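Structure data (compact mmCIF, C-alpha atoms) from final11.txt:
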```
# COMPACT_ATOMS: atom_id res chain seq x y z
CA MET A 534 55.35 54.52 -12.23
CA ALA A 535 55.87 50.85 -12.92
CA SER A 536 59.23 51.40 -14.55
CA GLY A 537 60.34 54.03 -12.05
CA PRO A 538 60.19 54.22 -8.25
CA GLY A 539 57.50 51.64 -7.62
CA PRO A 540 55.49 51.31 -4.40
CA VAL A 541 58.10 53.00 -2.17
CA LEU A 542 57.11 56.36 -3.62
CA ALA A 543 53.46 55.60 -4.30
CA GLY A 544 51.15 58.07 -2.60
CA TYR A 545 53.71 60.73 -1.66
CA PRO A 546 53.36 62.92 -4.80
CA ALA A 547 49.58 62.79 -4.44
CA ALA A 548 49.89 63.80 -0.78
CA VAL A 549 52.01 66.78 -1.80
CA ALA A 550 49.47 67.76 -4.44
CA GLY A 551 46.68 67.48 -1.89
CA ALA A 552 48.55 69.69 0.57
CA LEU A 553 49.09 72.31 -2.13
CA ALA A 554 45.44 72.17 -3.20
CA ARG A 555 44.27 72.76 0.37
CA VAL A 556 46.42 75.88 0.63
CA LEU A 557 46.09 77.28 -2.90
CA GLY A 558 42.67 76.08 -4.03
CA PRO A 559 41.86 76.89 -7.66
CA VAL A 560 45.10 78.84 -8.05
CA LEU A 561 46.88 75.47 -8.34
CA VAL A 562 46.97 74.43 -11.99
CA GLY A 563 48.86 71.15 -11.61
CA VAL A 564 51.64 69.15 -9.98
CA TYR A 565 54.14 67.15 -12.05
CA LEU A 566 56.63 64.43 -11.20
CA HIS A 567 59.90 64.58 -13.14
CA GLY A 568 63.54 63.56 -12.61
CA SER A 569 64.51 59.96 -11.96
CA ALA A 570 61.09 59.13 -10.52
CA ALA A 571 59.59 59.74 -13.98
CA LEU A 572 62.56 58.79 -16.16
CA GLY A 573 63.63 55.62 -14.31
CA GLY A 574 66.44 54.70 -11.96
CA TRP A 575 64.86 56.23 -8.86
CA SER A 576 66.28 55.02 -5.54
CA ALA A 577 65.05 55.87 -2.06
CA GLU A 578 68.66 55.82 -0.84
CA ARG A 579 70.26 57.96 -3.59
CA SER A 580 67.53 60.01 -5.31
CA ASP A 581 65.33 62.88 -4.29
CA VAL A 582 61.72 63.38 -5.35
CA ASP A 583 61.46 66.04 -8.05
CA LEU A 584 58.17 67.87 -8.40
CA LEU A 585 57.06 70.97 -10.28
CA GLY A 586 53.96 72.86 -9.25
CA VAL A 587 52.22 75.26 -11.61
CA VAL A 588 50.02 78.09 -10.36
CA ALA A 589 47.67 80.37 -12.26
CA THR A 590 48.99 83.62 -10.78
CA SER A 591 51.85 84.90 -8.66
CA LEU A 592 51.64 84.07 -4.96
CA ASP A 593 51.90 86.46 -2.06
CA ARG A 594 54.51 85.96 0.63
CA ARG A 595 52.04 84.55 3.15
CA ALA A 596 50.82 81.84 0.75
CA LYS A 597 54.41 80.82 0.00
CA GLN A 598 55.21 80.53 3.70
CA VAL A 599 52.16 78.37 4.33
CA VAL A 600 53.00 76.09 1.39
CA SER A 601 56.58 75.73 2.62
CA ALA A 602 55.39 74.85 6.12
CA ARG A 603 53.04 72.18 4.76
CA LEU A 604 55.76 70.62 2.61
CA ASN A 605 58.10 70.45 5.60
CA HIS A 606 55.46 69.21 8.06
CA PRO A 607 56.28 65.93 9.88
CA SER A 608 53.01 64.45 8.59
CA LEU A 609 54.33 64.70 5.03
CA VAL A 610 57.45 62.57 5.29
CA CYS A 611 59.31 62.12 2.01
CA PRO A 612 60.22 58.48 1.24
CA ALA A 613 63.57 59.58 -0.25
CA GLU A 614 66.51 60.09 2.09
CA ALA A 615 67.54 63.13 0.03
CA GLY A 616 64.04 64.56 0.44
CA LEU A 617 61.78 66.56 -1.82
CA GLU A 618 62.89 69.20 -4.32
CA MET A 619 59.99 71.28 -5.59
CA SER A 620 59.58 74.54 -7.44
CA LEU A 621 56.37 76.46 -8.07
CA VAL A 622 56.13 78.49 -11.28
CA THR A 623 53.32 80.38 -12.94
CA ALA A 624 51.45 78.90 -15.88
CA ALA A 625 52.70 81.79 -18.03
CA VAL A 626 56.34 80.88 -17.32
CA ALA A 627 55.73 77.18 -17.99
CA ALA A 628 54.03 77.98 -21.30
CA ASP A 629 56.62 80.50 -22.53
CA PRO A 630 59.83 80.15 -20.49
CA PRO A 631 62.50 82.84 -20.73
CA ARG A 632 66.18 81.96 -20.66
CA ARG A 633 66.22 82.46 -16.89
CA PRO A 634 62.78 81.32 -15.70
CA PRO A 635 61.47 83.07 -12.58
CA PHE A 636 59.91 80.98 -9.84
CA GLU A 637 57.41 81.61 -7.09
CA LEU A 638 58.82 79.21 -4.50
CA HIS A 639 61.59 76.64 -4.21
CA VAL A 640 61.56 74.10 -1.38
CA THR A 641 63.95 71.29 -0.51
CA THR A 642 63.43 68.98 2.44
CA GLY A 643 65.67 66.20 3.69
CA PRO A 644 68.91 66.58 5.66
CA SER A 645 69.36 70.30 4.85
CA PRO A 646 65.91 71.81 4.21
CA GLN A 647 65.83 75.14 2.41
CA THR A 648 63.11 77.52 1.26
CA HIS A 649 63.45 80.33 -1.25
CA LEU A 650 60.39 82.55 -1.47
CA GLY A 651 61.12 83.69 -5.00
CA GLY A 652 60.31 87.24 -5.98
CA PRO A 653 60.78 89.54 -8.97
CA ALA A 654 64.54 88.90 -9.19
CA ALA A 655 64.44 85.17 -8.42
CA ALA A 656 65.29 82.98 -11.40
CA ASP A 657 66.55 79.43 -11.88
CA PRO A 658 67.92 78.49 -15.32
CA ASP A 659 67.91 74.82 -14.27
CA LEU A 660 64.14 74.97 -14.63
CA LEU A 661 64.62 74.86 -18.40
CA LEU A 662 65.68 71.21 -18.28
CA HIS A 663 62.93 70.44 -15.76
CA PHE A 664 60.32 71.90 -18.13
CA ALA A 665 61.67 69.87 -21.03
CA VAL A 666 61.66 66.63 -19.02
CA CYS A 667 58.15 67.35 -17.74
CA ARG A 668 56.84 67.92 -21.26
CA ARG A 669 58.47 64.77 -22.63
CA ALA A 670 58.20 62.32 -19.75
CA GLY A 671 56.65 63.99 -16.72
CA LEU A 672 53.76 62.44 -14.84
CA ALA A 673 50.75 64.56 -13.97
CA VAL A 674 50.00 64.05 -10.28
CA ALA A 675 47.26 66.67 -10.52
CA GLY A 676 46.04 68.86 -13.34
CA PRO A 677 46.23 68.67 -17.14
CA ALA A 678 48.72 66.57 -19.08
CA PRO A 679 52.24 68.03 -19.15
CA VAL A 680 52.10 68.74 -22.90
CA GLU A 681 49.20 71.11 -22.21
CA VAL A 682 51.17 73.07 -19.61
CA PHE A 683 54.86 73.07 -20.57
CA THR A 684 56.57 74.37 -23.70
CA GLU A 685 60.00 72.89 -24.39
CA PRO A 686 62.70 75.60 -24.34
CA PRO A 687 65.03 76.03 -27.34
CA ARG A 688 67.57 73.25 -27.74
CA ALA A 689 70.46 75.73 -27.57
CA TRP A 690 69.33 76.77 -24.09
CA LEU A 691 69.03 73.15 -22.97
CA LEU A 692 72.53 72.40 -24.23
CA GLU A 693 73.81 75.36 -22.20
CA ARG A 694 72.18 73.99 -19.07
CA ALA A 695 73.47 70.45 -19.68
CA ALA A 696 77.01 71.82 -20.00
CA ALA A 697 76.56 73.93 -16.87
CA GLU A 698 75.39 70.86 -14.96
CA LEU A 699 78.54 69.04 -16.06
CA ARG A 700 80.77 71.85 -14.81
CA TRP A 701 78.91 71.80 -11.49
CA ALA A 702 79.37 68.02 -11.27
CA THR A 703 83.16 68.26 -11.33
CA ARG A 704 83.07 70.47 -8.25
CA HIS A 705 80.31 68.85 -6.22
CA GLY A 706 79.22 65.48 -7.64
CA THR A 707 80.01 61.96 -6.54
CA PHE A 708 81.88 59.62 -8.86
CA ALA A 709 78.64 58.18 -10.25
CA TYR A 710 77.02 61.58 -10.59
CA ARG A 711 79.97 62.90 -12.60
CA VAL A 712 80.20 59.91 -14.91
CA LEU A 713 76.50 59.39 -15.49
CA THR A 714 75.69 63.08 -15.86
CA ALA A 715 78.37 63.19 -18.56
CA CYS A 716 76.81 60.16 -20.27
CA ARG A 717 73.32 61.63 -20.09
CA ALA A 718 74.48 64.97 -21.48
CA TRP A 719 76.36 63.23 -24.31
CA ARG A 720 73.25 61.25 -25.19
CA TYR A 721 71.18 64.43 -25.37
CA LEU A 722 73.81 66.09 -27.54
CA GLU A 723 73.88 63.18 -29.99
CA ASP A 724 70.34 61.78 -29.93
CA ASP A 725 68.18 64.56 -28.45
CA ALA A 726 67.10 62.11 -25.73
CA LEU A 727 66.37 63.30 -22.19
CA GLY A 728 66.66 60.21 -20.03
CA SER A 729 67.80 59.05 -16.63
CA LYS A 730 71.44 58.93 -15.58
CA VAL A 731 71.39 55.12 -15.63
CA ASP A 732 69.91 55.07 -19.13
CA GLY A 733 72.54 57.57 -20.21
CA GLY A 734 75.25 55.32 -18.82
CA ARG A 735 73.93 52.30 -20.69
CA TRP A 736 73.69 54.31 -23.91
CA ALA A 737 77.27 55.57 -23.53
CA ARG A 738 78.60 52.10 -22.71
CA ALA A 739 77.10 50.64 -25.88
CA ARG A 740 78.58 53.46 -27.91
CA LEU A 741 82.02 53.25 -26.31
CA ALA A 742 82.16 49.50 -26.89
CA ASP A 743 81.06 49.68 -30.53
CA PRO A 744 83.99 50.22 -32.93
CA ALA A 745 81.56 51.36 -35.61
CA LEU A 746 80.56 54.34 -33.46
CA GLU A 747 83.63 55.20 -31.37
CA GLU A 748 87.21 54.09 -31.02
CA PRO A 749 86.87 51.34 -28.38
CA ASP A 750 88.03 52.48 -24.96
CA PRO A 751 88.04 49.65 -22.38
CA GLY A 752 88.95 52.11 -19.62
CA ALA A 753 85.94 54.29 -20.35
CA VAL A 754 83.66 51.26 -20.57
CA ALA A 755 84.86 50.07 -17.15
CA LEU A 756 84.35 53.59 -15.78
CA VAL A 757 80.74 53.64 -16.92
CA ASP A 758 80.13 50.12 -15.61
CA ALA A 759 81.43 51.16 -12.17
CA ALA A 760 79.23 54.26 -12.15
CA VAL A 761 76.07 52.37 -13.11
CA ALA A 762 76.74 49.69 -10.47
CA ALA A 763 77.30 52.33 -7.78
CA GLN A 764 74.20 54.30 -8.82
CA LEU A 765 72.06 51.16 -8.60
CA GLY A 766 73.52 50.22 -5.22
CA GLN A 767 75.16 47.10 -6.62
CA ALA A 768 78.68 48.20 -5.64
CA PRO A 769 80.29 50.75 -3.31
CA MET A 770 80.62 54.30 -4.59
CA PRO A 771 84.22 54.87 -5.78
CA GLY A 772 85.71 57.90 -4.09
CA ALA A 773 89.47 57.71 -4.43
CA ALA A 774 91.25 60.63 -6.03
CA ALA A 775 92.20 58.49 -9.03
CA ASP A 776 88.56 57.48 -9.56
CA LEU A 777 87.34 61.08 -9.44
CA ALA A 778 90.12 62.18 -11.77
CA ALA A 779 89.08 59.53 -14.28
CA ALA A 780 85.47 60.68 -13.99
CA ASP A 781 86.52 64.27 -14.58
CA ARG A 782 88.41 63.28 -17.72
CA LEU A 783 85.20 61.83 -19.10
CA VAL A 784 83.32 65.00 -18.15
CA ALA A 785 85.99 67.08 -19.91
CA ALA A 786 85.75 64.93 -23.03
CA VAL A 787 81.98 65.40 -23.18
CA LEU A 788 82.34 69.15 -22.62
CA ASP A 789 84.76 69.18 -25.57
CA ARG A 790 82.02 67.62 -27.69
CA PHE A 791 79.63 70.37 -26.58
CA ALA A 792 82.21 73.00 -27.48
CA GLY A 793 82.71 71.43 -30.89
CA THR A 794 78.97 71.51 -31.54
CA ALA A 795 78.79 75.15 -30.48
CA GLY A 796 81.66 75.96 -32.80
```
So that I can check it, write out the structure of this file as structure tokens.
Amino acid sequence: MASGPGPVLAGYPAAVAGALARVLGPVLVGVYLHGSAALGGWSAERSDVDLLGVVATSLDRRAKQVVSARLNHPSLVCPAEAGLEMSLVTAAVAADPPRRPPFELHVTTGPSPQTHLGGPAAADPDLLLHFAVCRRAGLAVAGPAPVEVFTEPPRAWLLERAAAELRWATRHGTFAYRVLTACRAWRYLEDDALGSKVDGGRWARARLADPALEEPDPGAVALVDAAVAAQLGQAPMPGAAADLAAADRLVAAVLDRFAGTAG
């Protein structure tokens, strides 16, 4: 984790894995850290802790309730203000994910804790990107290496999810989330790289400022600079209507690129 969250997060993922192991025993295959904590750019003030747990078989309702209670217990305090976000999936789903992967349990802690006990009809297409990130860059907190557990979903499915995340961002995201999610999605579209939002912003800035790659756009460069600074806590988060409108124009431009690729 030297390039990611550092000592602020050290120990928490292992504590989560230990809590799961005490409840699930040998049914627990592994626990994997992904998101910004694995990719870089993690911040205790702005990021959550993203974990995926893999189990050998489906869990009964009682086991899910006990796991949820342990993850929300005061003794297991998450170092991130946004809390923990964790899904449990079966090893079969991780190894051969369908377009809408089912999950056994989804838990978020933090200011608005939620638990979804899964079930036959429960599916989360966002898991596709989580599986891909885990396979490429995830950190095994417990269990085998990620490449032994996760199969990367088809690129077309991942592009669908990246575009869906962009559309969600325009309705719910902060200025930095909108801008940097657009940059990260653009980078994946062009270079097949799954990186952090900050890395995506730096990649997009270099491209936007290079006349050999793009028509130079000083306004877009300044937009990305502002988003990276806000994400890193180096400047206040822009929130004026004009700022959000500018962010949404960038999102729309990236979505146009996705549409062009699909066409």
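For the choices A:Asp725, A:Asp781, A:Glu747, A:Asp732, the atom-to-atom distance to Leu765 in chain A is smallest for A:Asp732 when using all atoms listed in the file.
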Let me make sure I understand: among A:Met619, A:Leu777, A:Val712, A:Val560, which one has the smallest atom-to-atom distance to Ala596 in chain A if we use all atoms listed in the file? A:Val560
Gap from CA of Arg668 in chain A to CA of Phe791 in chain A - Å, one decimal: 23.5 Å
Could you work out an axis-aligned bounding box for all listed atoms of range 754-773 of chain A, with 5 Å added on each of the six sides, and give its centre and edge lengths in Å to one decimal, as lines of an AutoDock Vina configuration file?
```
center_x = 80.8
center_y = 52.5
center_z = -11.9
size_x = 27.4
size_y = 20.8
size_z = 27.3
```
Closest to Ala696 in chain A among A:Glu681, A:Asp659, A:Asp743, A:Glu578, using all atoms listed in the file?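 So, comparing all the options, the nearest one is A:Asp659.
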Any idea what's packed within 6 Å of Thr641 in chain A, counting all atoms listed in the file, ignoring anything in its chain fewer than 4 positions away? Could you give it as a PyMOL selection string? chain A and resi 617-618+646-647
